[in-house]
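Peer 1: Sharing query.cif below, mmCIF, C-alpha atoms:
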```cif
data_run
#
loop_
_atom_site.group_PDB
_atom_site.id
_atom_site.type_symbol
_atom_site.label_atom_id
_atom_site.label_comp_id
_atom_site.auth_asym_id
_atom_site.auth_seq_id
_atom_site.Cartn_x
_atom_site.Cartn_y
_atom_site.Cartn_z
ATOM 1 C CA MET A 288 -61.986 -20.527 22.443
ATOM 2 C CA SER A 289 -61.224 -22.863 19.560
ATOM 3 C CA ILE A 290 -58.115 -22.402 17.454
ATOM 4 C CA LEU A 291 -60.320 -21.440 14.494
ATOM 5 C CA ASN A 292 -62.160 -18.745 16.482
ATOM 6 C CA TYR A 293 -58.863 -17.487 17.866
ATOM 7 C CA LYS A 294 -57.469 -17.097 14.364
ATOM 8 C CA ARG A 295 -60.611 -15.303 13.215
ATOM 9 C CA SER A 296 -60.416 -12.913 16.159
ATOM 10 C CA SER A 297 -56.749 -12.232 15.465
ATOM 11 C CA ILE A 298 -57.468 -11.529 11.809
ATOM 12 C CA LEU A 299 -60.281 -9.115 12.750
ATOM 13 C CA ILE A 300 -58.016 -7.290 15.226
ATOM 14 C CA LEU A 301 -55.261 -6.976 12.649
ATOM 15 C CA PHE A 302 -57.786 -5.768 10.070
ATOM 16 C CA PHE A 303 -59.113 -2.999 12.297
ATOM 17 C CA LEU A 304 -55.602 -2.042 13.413
ATOM 18 C CA GLY A 305 -54.690 -1.749 9.753
ATOM 19 C CA LEU A 306 -57.707 0.471 9.068
ATOM 20 C CA PHE A 307 -56.799 2.665 12.035
ATOM 21 C CA ALA A 308 -53.193 2.948 10.841
ATOM 22 C CA LEU A 309 -54.383 3.973 7.380
ATOM 23 C CA PHE A 310 -56.665 6.599 8.941
ATOM 24 C CA VAL A 311 -53.785 8.049 10.986
ATOM 25 C CA VAL A 312 -51.488 8.144 7.955
ATOM 26 C CA GLU A 313 -54.199 9.901 5.934
ATOM 27 C CA ARG A 314 -54.702 12.498 8.686
ATOM 28 C CA ILE A 315 -50.955 13.099 8.944
ATOM 29 C CA TRP A 316 -50.689 13.521 5.175
ATOM 30 C CA ALA A 317 -53.660 15.910 5.145
ATOM 31 C CA LEU A 318 -51.618 18.289 7.325
ATOM 32 C CA TYR A 319 -48.023 17.674 6.243
ATOM 33 C CA GLN A 320 -48.703 18.055 2.523
ATOM 34 C CA HIS A 321 -49.040 21.771 3.325
ATOM 35 C CA LYS A 322 -45.815 22.071 5.348
ATOM 36 C CA TYR A 323 -43.211 24.394 3.882
ATOM 37 C CA VAL A 324 -40.691 24.985 6.688
ATOM 38 C CA THR A 325 -39.652 23.967 10.203
ATOM 39 C CA ILE A 326 -39.129 26.959 12.473
ATOM 40 C CA ASP A 327 -36.117 27.810 14.652
ATOM 41 C CA PRO A 328 -36.271 25.906 17.995
ATOM 42 C CA ARG A 329 -36.143 29.199 19.918
ATOM 43 C CA LEU A 330 -39.691 29.750 18.644
ATOM 44 C CA ARG A 331 -41.261 26.518 19.857
ATOM 45 C CA GLU A 332 -44.428 28.205 21.210
ATOM 46 C CA ILE A 333 -45.495 30.602 18.450
ATOM 47 C CA SER A 334 -48.860 32.140 19.260
ATOM 48 C CA GLY A 335 -49.155 34.858 16.599
ATOM 49 C CA ILE A 336 -47.762 35.603 13.134
ATOM 50 C CA GLU A 337 -48.012 38.520 10.708
ATOM 51 C CA PHE A 338 -46.338 39.712 7.499
ATOM 52 C CA ASP A 339 -44.830 43.201 7.369
ATOM 53 C CA LYS A 340 -45.107 45.634 4.455
ATOM 54 C CA LYS A 341 -42.225 43.863 2.672
ATOM 55 C CA ASN A 342 -43.848 40.418 3.090
ATOM 56 C CA ARG A 343 -41.425 39.277 5.784
ATOM 57 C CA LEU A 344 -42.870 36.991 8.447
ATOM 58 C CA TRP A 345 -42.871 37.988 12.121
ATOM 59 C CA ALA A 346 -43.872 35.890 15.121
ATOM 60 C CA ILE A 347 -44.432 36.115 18.858
ATOM 61 C CA ASN A 348 -43.995 33.439 21.494
ATOM 62 C CA ASP A 349 -46.629 32.514 24.042
ATOM 63 C CA GLY A 350 -46.763 33.798 27.624
ATOM 64 C CA GLY A 351 -43.689 33.824 29.845
ATOM 65 C CA ASP A 352 -41.233 34.689 27.073
ATOM 66 C CA LYS A 353 -39.541 38.067 26.671
ATOM 67 C CA PRO A 354 -41.702 40.907 25.232
ATOM 68 C CA GLN A 355 -40.257 40.413 21.757
ATOM 69 C CA LEU A 356 -41.356 39.846 18.198
ATOM 70 C CA HIS A 357 -39.129 37.854 15.881
ATOM 71 C CA GLN A 358 -38.474 37.930 12.145
ATOM 72 C CA ILE A 359 -38.448 34.477 10.520
ATOM 73 C CA ALA A 360 -36.521 33.810 7.311
ATOM 74 C CA LYS A 361 -37.940 31.707 4.484
ATOM 75 C CA ASP A 362 -35.827 28.762 5.694
ATOM 76 C CA GLY A 363 -37.336 29.030 9.189
ATOM 77 C CA SER A 364 -34.294 30.550 10.873
ATOM 78 C CA LEU A 365 -34.481 33.485 13.277
ATOM 79 C CA VAL A 366 -33.274 36.687 11.609
ATOM 80 C CA ARG A 367 -33.960 39.469 14.082
ATOM 81 C CA SER A 368 -35.729 40.187 17.375
ATOM 82 C CA ILE A 369 -37.295 43.450 18.560
ATOM 83 C CA THR A 370 -37.999 44.106 22.234
ATOM 84 C CA ILE A 371 -40.958 46.220 23.324
ATOM 85 C CA GLU A 372 -39.371 48.247 26.107
ATOM 86 C CA ASN A 373 -42.604 49.104 27.910
ATOM 87 C CA GLY A 374 -44.184 45.683 27.349
ATOM 88 C CA LYS A 375 -44.545 42.504 29.368
ATOM 89 C CA ASN A 376 -45.464 39.090 28.027
ATOM 90 C CA TRP A 377 -48.007 37.840 30.536
ATOM 91 C CA ASP A 378 -49.844 35.789 27.919
ATOM 92 C CA TRP A 379 -49.262 36.972 24.349
ATOM 93 C CA GLU A 380 -51.717 35.208 22.069
ATOM 94 C CA ASP A 381 -52.107 36.796 18.627
ATOM 95 C CA MET A 382 -51.063 39.590 16.243
ATOM 96 C CA THR A 383 -52.855 41.707 13.659
ATOM 97 C CA GLN A 384 -52.176 44.945 11.775
ATOM 98 C CA ASP A 385 -54.088 47.984 10.569
ATOM 99 C CA ASP A 386 -54.279 49.537 7.102
ATOM 100 C CA PHE A 387 -51.143 51.600 7.780
ATOM 101 C CA GLY A 388 -49.085 48.594 8.854
ATOM 102 C CA HIS A 389 -49.095 49.187 12.603
ATOM 103 C CA PHE A 390 -48.779 45.881 14.444
ATOM 104 C CA PHE A 391 -51.061 45.020 17.366
ATOM 105 C CA ILE A 392 -49.820 42.376 19.819
ATOM 106 C CA GLY A 393 -52.472 40.879 22.055
ATOM 107 C CA ASP A 394 -51.557 40.161 25.673
ATOM 108 C CA ILE A 395 -55.075 38.809 25.979
ATOM 109 C CA GLY A 396 -54.803 35.295 27.383
ATOM 110 C CA ASN A 397 -56.687 34.801 30.640
ATOM 111 C CA ASN A 398 -56.764 31.042 31.211
ATOM 112 C CA SER A 399 -57.517 31.138 34.934
ATOM 113 C CA ASN A 400 -59.715 34.249 34.858
ATOM 114 C CA ASP A 401 -57.336 36.049 37.215
ATOM 115 C CA ARG A 402 -56.828 39.211 35.131
ATOM 116 C CA GLN A 403 -59.385 42.003 35.112
ATOM 117 C CA TRP A 404 -57.661 44.202 32.520
ATOM 118 C CA LEU A 405 -56.088 42.792 29.359
ATOM 119 C CA THR A 406 -53.604 44.596 27.091
ATOM 120 C CA VAL A 407 -52.917 45.185 23.408
ATOM 121 C CA TYR A 408 -49.584 46.719 22.385
ATOM 122 C CA LYS A 409 -49.586 48.889 19.236
ATOM 123 C CA ILE A 410 -46.249 49.453 17.487
ATOM 124 C CA GLU A 411 -45.067 50.759 14.137
ATOM 125 C CA ASN A 412 -44.530 48.338 11.255
ATOM 126 C CA PRO A 413 -41.299 46.421 12.017
ATOM 127 C CA ILE A 414 -39.603 47.573 8.801
ATOM 128 C CA ASP A 415 -39.727 51.112 10.230
ATOM 129 C CA ILE A 416 -37.953 50.083 13.457
ATOM 130 C CA LYS A 417 -34.247 50.704 12.948
ATOM 131 C CA GLY A 418 -32.827 49.260 16.153
ATOM 132 C CA ASP A 419 -33.681 46.246 18.287
ATOM 133 C CA THR A 420 -36.092 48.028 20.663
ATOM 134 C CA THR A 421 -39.274 50.047 20.384
ATOM 135 C CA SER A 422 -42.020 51.479 22.592
ATOM 136 C CA ALA A 423 -45.711 50.725 22.220
ATOM 137 C CA GLU A 424 -48.991 52.510 22.637
ATOM 138 C CA ILE A 425 -50.928 50.629 25.288
ATOM 139 C CA ILE A 426 -54.589 49.689 24.826
ATOM 140 C CA LYS A 427 -56.371 48.323 27.915
ATOM 141 C CA PHE A 428 -59.754 46.622 28.059
ATOM 142 C CA ASN A 429 -61.971 44.470 30.208
ATOM 143 C CA ASN A 430 -65.059 42.413 29.542
ATOM 144 C CA PRO A 431 -68.107 43.761 31.407
ATOM 145 C CA GLU A 432 -69.910 40.463 30.751
ATOM 146 C CA VAL A 433 -67.508 38.783 33.165
ATOM 147 C CA ILE A 434 -69.162 39.684 36.466
ATOM 148 C CA ASP A 435 -66.666 37.968 38.756
ATOM 149 C CA ASN A 436 -63.160 38.096 37.354
ATOM 150 C CA PHE A 437 -62.001 35.319 39.659
ATOM 151 C CA ALA A 438 -64.851 32.850 39.130
ATOM 152 C CA LYS A 439 -63.740 29.709 37.335
ATOM 153 C CA ASP A 440 -67.119 29.085 35.673
ATOM 154 C CA ASN A 441 -67.217 32.234 33.534
ATOM 155 C CA GLN A 442 -67.437 31.134 29.930
ATOM 156 C CA HIS A 443 -65.765 33.854 27.874
ATOM 157 C CA HIS A 444 -63.041 35.413 30.027
ATOM 158 C CA ASP A 445 -60.228 33.914 27.931
ATOM 159 C CA LEU A 446 -59.138 35.173 24.499
ATOM 160 C CA GLU A 447 -56.560 33.977 21.982
ATOM 161 C CA ALA A 448 -57.619 35.581 18.699
ATOM 162 C CA PHE A 449 -58.235 39.061 17.322
ATOM 163 C CA VAL A 450 -58.184 41.132 14.124
ATOM 164 C CA TYR A 451 -58.168 44.788 13.088
ATOM 165 C CA TYR A 452 -61.137 45.952 10.989
ATOM 166 C CA LYS A 453 -62.302 49.474 10.139
ATOM 167 C CA LYS A 454 -60.611 51.334 13.020
ATOM 168 C CA SER A 455 -61.549 48.785 15.676
ATOM 169 C CA LEU A 456 -60.135 45.578 17.140
ATOM 170 C CA TYR A 457 -62.339 42.482 17.169
ATOM 171 C CA LEU A 458 -61.673 39.746 19.707
ATOM 172 C CA PHE A 459 -62.843 36.121 19.692
ATOM 173 C CA SER A 460 -63.346 34.267 22.963
ATOM 174 C CA LYS A 461 -61.862 30.905 23.892
ATOM 175 C CA ASN A 462 -64.949 29.304 25.377
ATOM 176 C CA ARG A 463 -64.483 27.534 28.724
ATOM 177 C CA SER A 464 -68.133 26.655 29.384
ATOM 178 C CA ILE A 465 -69.039 23.498 31.318
ATOM 179 C CA PRO A 466 -70.639 21.607 29.659
ATOM 180 C CA PHE A 467 -68.902 22.898 26.555
ATOM 181 C CA ASP A 468 -71.324 24.520 24.081
ATOM 182 C CA GLY A 469 -68.829 25.332 21.310
ATOM 183 C CA LYS A 470 -69.574 29.048 21.031
ATOM 184 C CA THR A 471 -67.013 31.754 20.395
ATOM 185 C CA ARG A 472 -68.118 35.297 21.201
ATOM 186 C CA LEU A 473 -67.102 38.336 19.169
ATOM 187 C CA TYR A 474 -66.214 41.588 20.994
ATOM 188 C CA ARG A 475 -65.137 45.047 19.804
ATOM 189 C CA ILE A 476 -62.743 47.618 21.297
ATOM 190 C CA GLY A 477 -60.960 50.715 19.943
ATOM 191 C CA ASP A 478 -57.608 50.674 18.157
ATOM 192 C CA TYR A 479 -55.926 53.513 20.096
ATOM 193 C CA ALA A 480 -54.387 53.984 23.532
ATOM 194 C CA ALA A 481 -57.245 54.133 26.066
ATOM 195 C CA ASN A 482 -59.206 51.971 28.495
ATOM 196 C CA PHE A 483 -62.178 50.169 26.927
ATOM 197 C CA ASN A 484 -65.092 48.032 27.974
ATOM 198 C CA ALA A 485 -65.330 45.307 25.330
ATOM 199 C CA GLU A 486 -68.651 45.428 23.465
ATOM 200 C CA PHE A 487 -70.425 42.227 22.494
ATOM 201 C CA VAL A 488 -71.144 41.960 18.738
ATOM 202 C CA SER A 489 -72.185 38.394 17.946
ATOM 203 C CA GLU A 490 -71.442 34.706 18.533
ATOM 204 C CA PHE A 491 -70.892 31.564 16.493
ATOM 205 C CA THR A 492 -70.974 27.855 17.330
ATOM 206 C CA THR A 493 -67.886 26.078 16.029
ATOM 207 C CA CYS A 494 -68.064 22.479 17.228
ATOM 208 C CA THR A 495 -69.075 20.728 20.429
ATOM 209 C CA SER A 496 -67.154 17.439 20.220
ATOM 210 C CA LEU A 497 -64.128 18.147 22.455
ATOM 211 C CA LYS A 498 -63.364 21.635 23.697
ATOM 212 C CA HIS A 499 -59.621 21.282 23.141
ATOM 213 C CA LEU A 500 -60.310 20.582 19.464
ATOM 214 C CA CYS A 501 -62.840 23.396 19.071
ATOM 215 C CA TRP A 502 -61.129 26.249 20.908
ATOM 216 C CA ILE A 503 -60.386 29.259 18.686
ATOM 217 C CA THR A 504 -56.656 29.985 18.934
ATOM 218 C CA SER A 505 -55.986 32.638 16.269
ATOM 219 C CA ALA A 506 -57.713 34.826 13.666
ATOM 220 C CA ALA A 507 -56.799 36.662 10.466
ATOM 221 C CA LEU A 508 -58.373 38.922 7.852
ATOM 222 C CA SER A 509 -57.391 38.855 4.191
ATOM 223 C CA PRO A 510 -55.590 41.968 2.885
ATOM 224 C CA ASP A 511 -58.714 42.987 0.932
ATOM 225 C CA ARG A 512 -60.773 42.645 4.160
ATOM 226 C CA THR A 513 -63.339 40.287 2.575
ATOM 227 C CA LYS A 514 -62.378 37.001 4.263
ATOM 228 C CA LEU A 515 -61.973 36.091 7.918
ATOM 229 C CA VAL A 516 -60.431 32.849 9.151
ATOM 230 C CA LEU A 517 -60.474 31.405 12.650
ATOM 231 C CA LEU A 518 -58.096 28.595 13.605
ATOM 232 C CA ASP A 519 -58.500 25.594 15.882
ATOM 233 C CA SER A 520 -56.541 22.363 16.326
ATOM 234 C CA GLU A 521 -58.118 20.589 13.362
ATOM 235 C CA ARG A 522 -59.503 23.146 10.930
ATOM 236 C CA LEU A 523 -59.973 26.661 9.660
ATOM 237 C CA TRP A 524 -63.325 28.424 9.823
ATOM 238 C CA LEU A 525 -63.736 30.717 6.812
ATOM 239 C CA PHE A 526 -66.259 33.582 6.799
ATOM 240 C CA GLU A 527 -67.309 35.754 3.849
ATOM 241 C CA ASN A 528 -70.094 38.155 2.789
ATOM 242 C CA TRP A 529 -70.877 39.402 6.305
ATOM 243 C CA GLN A 530 -73.018 42.434 7.117
ATOM 244 C CA GLY A 531 -71.518 45.449 8.910
ATOM 245 C CA ASP A 532 -69.009 44.213 11.464
ATOM 246 C CA ASP A 533 -70.788 40.967 12.340
ATOM 247 C CA PHE A 534 -68.372 38.495 10.781
ATOM 248 C CA PHE A 535 -70.757 35.644 11.589
ATOM 249 C CA SER A 536 -73.711 37.044 9.604
ATOM 250 C CA GLY A 537 -72.690 35.774 6.157
ATOM 251 C CA ASP A 538 -71.349 32.560 4.624
ATOM 252 C CA ALA A 539 -69.282 30.119 6.707
ATOM 253 C CA TYR A 540 -67.095 27.171 5.680
ATOM 254 C CA GLN A 541 -64.895 24.530 7.283
ATOM 255 C CA ILE A 542 -61.449 23.682 5.914
ATOM 256 C CA ASP A 543 -59.968 20.437 7.241
ATOM 257 C CA LEU A 544 -56.318 20.674 8.353
ATOM 258 C CA GLY A 545 -55.664 17.020 9.085
ATOM 259 C CA ILE A 546 -54.208 15.514 12.222
ATOM 260 C CA VAL A 547 -54.583 17.319 15.537
ATOM 261 C CA THR A 548 -51.597 19.439 16.533
ATOM 262 C CA GLN A 549 -51.371 22.536 18.697
ATOM 263 C CA LYS A 550 -52.148 25.023 15.940
ATOM 264 C CA GLU A 551 -51.868 28.502 17.466
ATOM 265 C CA ALA A 552 -51.245 31.135 14.777
ATOM 266 C CA VAL A 553 -52.675 32.072 11.380
ATOM 267 C CA THR A 554 -52.337 34.928 8.891
ATOM 268 C CA PHE A 555 -52.853 35.733 5.215
ATOM 269 C CA PHE A 556 -49.912 36.138 2.844
ATOM 270 C CA ASP A 557 -52.232 37.392 0.105
ATOM 271 C CA ASP A 558 -55.972 37.198 -0.523
ATOM 272 C CA ASN A 559 -55.743 33.536 -1.541
ATOM 273 C CA THR A 560 -52.858 32.209 0.579
ATOM 274 C CA ILE A 561 -53.093 31.353 4.276
ATOM 275 C CA ILE A 562 -50.111 30.605 6.515
ATOM 276 C CA PHE A 563 -50.520 28.857 9.862
ATOM 277 C CA THR A 564 -48.148 27.385 12.441
ATOM 278 C CA ASP A 565 -48.227 24.849 15.238
ATOM 279 C CA GLU A 566 -46.341 24.677 18.507
ATOM 280 C CA GLU A 567 -43.862 21.928 19.305
ATOM 281 C CA PHE A 568 -45.179 19.159 21.562
ATOM 282 C CA LYS A 569 -42.988 16.151 22.378
ATOM 283 C CA GLY A 570 -40.930 16.681 19.235
ATOM 284 C CA ILE A 571 -43.938 17.122 16.939
ATOM 285 C CA GLY A 572 -44.839 20.456 15.320
ATOM 286 C CA ARG A 573 -42.982 23.794 15.232
ATOM 287 C CA ASN A 574 -43.779 24.023 11.523
ATOM 288 C CA ALA A 575 -45.287 26.579 9.175
ATOM 289 C CA TYR A 576 -47.869 25.460 6.622
ATOM 290 C CA SER A 577 -49.377 27.109 3.561
ATOM 291 C CA ILE A 578 -52.724 26.558 1.837
ATOM 292 C CA LYS A 579 -54.381 28.139 -1.195
ATOM 293 C CA LEU A 580 -58.085 28.836 -0.775
ATOM 294 C CA ASP A 581 -58.786 28.038 -4.417
ATOM 295 C CA GLN A 582 -57.106 24.621 -4.047
ATOM 296 C CA VAL A 583 -58.653 23.221 -0.854
ATOM 297 C CA GLU A 584 -62.042 21.705 -0.164
ATOM 298 C CA LYS A 585 -64.368 24.079 1.666
ATOM 299 C CA LYS A 586 -67.378 22.571 3.402
ATOM 300 C CA ARG A 587 -70.242 25.077 3.544
ATOM 301 C CA ILE A 588 -71.928 25.142 6.954
ATOM 302 C CA GLN A 589 -73.840 28.429 6.781
ATOM 303 C CA GLY A 590 -75.229 30.696 4.084
#
```
Translate the structure described by the file into structure tokens.
Peer 2:
Amino acid sequence: MSILNYKRSSILILFFLGLFALFVVERIWALYQHKYVTIDPRLREISGIEFDKKNRLWAINDGGDKPQLHQIAKDGSLVRSITIENGKNWDWEDMTQDDFGHFFIGDIGNNSNDRQWLTVYKIENPIDIKGDTTSAEIIKFNNPEVIDNFAKDNQHHDLEAFVYYKKSLYLFSKNRSIPFDGKTRLYRIGDYAANFNAEFVSEFTTCTSLKHLCWITSAALSPDRTKLVLLDSERLWLFENWQGDDFFSGDAYQIDLGIVTQKEAVTFFDDNTIIFTDEEFKGIGRNAYSIKLDQVEKKRIQG
């Protein structure tokens, strides 16, 4: 290679490296412009968040931690922890609440398809819990579509997201199909202590690029019950104007959240404000972010 060609090649490499660096910076900024607090290091694996009736933020840690929910101050510090005495954190994945403020905590993760019955714990609103312990109503359910609970090729045995809506709980599958087809399935169970067979309602195709980027990890309904959001590692999926209880039957939008991080929890603060968090991975993450729906770009993909 001549000196001239070598110089040209070097310039081209530097040019494309510069473009890539600019792209990465833009993606980082797209996420971190929404950051409002770093969370206490004891909560490095937050998998669900919810506001109580006094607009105080509560969080749960992922599987393997104590069966506790934790109050987070506005500066990200840990204020208070409540232990569910009759609970166990096999794989806690999300939280939601009903119209009366009862919290539902979903022990619904089933990564390896080795659990036949999954659990939701129902407790009173945390502001009504005077001490540092409480007991929960226990809701059990299975998925009759999963024929063999120990087969690795079942597509929809795993769950990480659910919401309360009109006296029922609605669960969204974390699709493990091979090859990955990008679908999340919507199931319904009751909101009271009993054993349920989850009922299939509908399904929606998110994306099919890389499953780890398309997996649904959390869900939330707006306080006025007119907007649903699903969270993945890169974006929010916003749904409106649905029919009945099929959240996927109306309008759907994508909201870009910037660079990929392990985003695992989402909730609404009010009808226009969404809060989401990511887990810490190699020193990156463990933050809470806030977006306003009337201030972000929403890409219509359905409706």
Peer 1: Give the answer as one residue: which of A:Arg331, A:Lys569, A:Arg463, A:Lys427 has the shortest atom-to-atom distance to Asn400 (chain A), using all atoms listed in the file?
Peer 2: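 Closest to Asn400 (chain A), using all atoms listed in the file: A:Arg463.
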Peer 1: Spell out the residues picked by the PyMOL selection byres ((chain A and resi 369) around 7) here, as a count of residues only.
Peer 2: 9
Peer 1: Enter the distance from CA of Ile425 (chain A) to CA of Ile336 (chain A), in Å, rounded to one decimal.
Peer 2: 19.6 Å
Peer 1: Could you tell me how far CA of Leu456 (chain A) sits from CA of Phe483 (chain A), in Å to one decimal place?
Peer 2: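 For CA of Phe483 (chain A) relative to CA of Leu456 (chain A), the distance reads 11.0 Å.
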Peer 1: Go through A:Gln384, A:Ser364, A:Ile476, A:Ser422 and flag the residue nearest Leu405 (chain A), using all atoms listed in the file for the distances.
Peer 2: A:Ile476
Peer 1: If the PyMOL selection byres ((chain A and resi 551) around 6) were run on this exact file, what residues would it hold? Put them as a PyMOL selection string.
Peer 2: chain A and resi 334+504-505+550+552+565
Peer 1: Generate the output file for the selected residues, C-alpha atoms, as a PDB file, in the frame of the given file.
Peer 2:
```pdb
ATOM      1  CA  SER A 334     -48.860  32.140  19.260  1.00  0.00           C
ATOM      2  CA  THR A 504     -56.656  29.985  18.934  1.00  0.00           C
ATOM      3  CA  SER A 505     -55.986  32.638  16.269  1.00  0.00           C
ATOM      4  CA  LYS A 550     -52.148  25.023  15.940  1.00  0.00           C
ATOM      5  CA  ALA A 552     -51.245  31.135  14.777  1.00  0.00           C
ATOM      6  CA  ASP A 565     -48.227  24.849  15.238  1.00  0.00           C
TER       7      ASP A 565
END
```
Peer 1: Selected by the PyMOL selection byres ((chain A and resi 343-351) around 7) in the shown coordinates: which residues, as a PyMOL selection string?
Peer 2: chain A and resi 330+332-339+341-342+352-353+355-359+376-380
Peer 1: Which residues are near Gly572 (chain A)? Cut-off 12 Å, only C-alpha atoms, ignore same chain within fewer than 2 positions. Put them as a JSON list (two decimals) with C-alpha atoms, in the coordinates of the input.
Peer 2:
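Output file part_26.json is given in full below:
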```
[["chain", "number", "residue", "atom", "x", "y", "z"],
["A", 315, "ILE", "CA", -50.96, 13.10, 8.94],
["A", 318, "LEU", "CA", -51.62, 18.29, 7.32],
["A", 319, "TYR", "CA", -48.02, 17.67, 6.24],
["A", 322, "LYS", "CA", -45.82, 22.07, 5.35],
["A", 324, "VAL", "CA", -40.69, 24.98, 6.69],
["A", 325, "THR", "CA", -39.65, 23.97, 10.20],
["A", 326, "ILE", "CA", -39.13, 26.96, 12.47],
["A", 327, "ASP", "CA", -36.12, 27.81, 14.65],
["A", 328, "PRO", "CA", -36.27, 25.91, 18.00],
["A", 330, "LEU", "CA", -39.69, 29.75, 18.64],
["A", 331, "ARG", "CA", -41.26, 26.52, 19.86],
["A", 332, "GLU", "CA", -44.43, 28.20, 21.21],
["A", 333, "ILE", "CA", -45.50, 30.60, 18.45],
["A", 520, "SER", "CA", -56.54, 22.36, 16.33],
["A", 546, "ILE", "CA", -54.21, 15.51, 12.22],
["A", 547, "VAL", "CA", -54.58, 17.32, 15.54],
["A", 548, "THR", "CA", -51.60, 19.44, 16.53],
["A", 549, "GLN", "CA", -51.37, 22.54, 18.70],
["A", 550, "LYS", "CA", -52.15, 25.02, 15.94],
["A", 551, "GLU", "CA", -51.87, 28.50, 17.47],
["A", 563, "PHE", "CA", -50.52, 28.86, 9.86],
["A", 564, "THR", "CA", -48.15, 27.38, 12.44],
["A", 565, "ASP", "CA", -48.23, 24.85, 15.24],
["A", 566, "GLU", "CA", -46.34, 24.68, 18.51],
["A", 567, "GLU", "CA", -43.86, 21.93, 19.30],
["A", 568, "PHE", "CA", -45.18, 19.16, 21.56],
["A", 569, "LYS", "CA", -42.99, 16.15, 22.38],
["A", 570, "GLY", "CA", -40.93, 16.68, 19.24],
["A", 574, "ASN", "CA", -43.78, 24.02, 11.52],
["A", 575, "ALA", "CA", -45.29, 26.58, 9.18],
["A", 576, "TYR", "CA", -47.87, 25.46, 6.62]]
```
Peer 1: Rank A:Gly374, A:Gly418, A:Pro431, A:Gly396 by their smallest atom-to-atom distance to Asn462 (chain A), using all atoms listed in the file, and report the top residue only.
Peer 2: A:Gly396
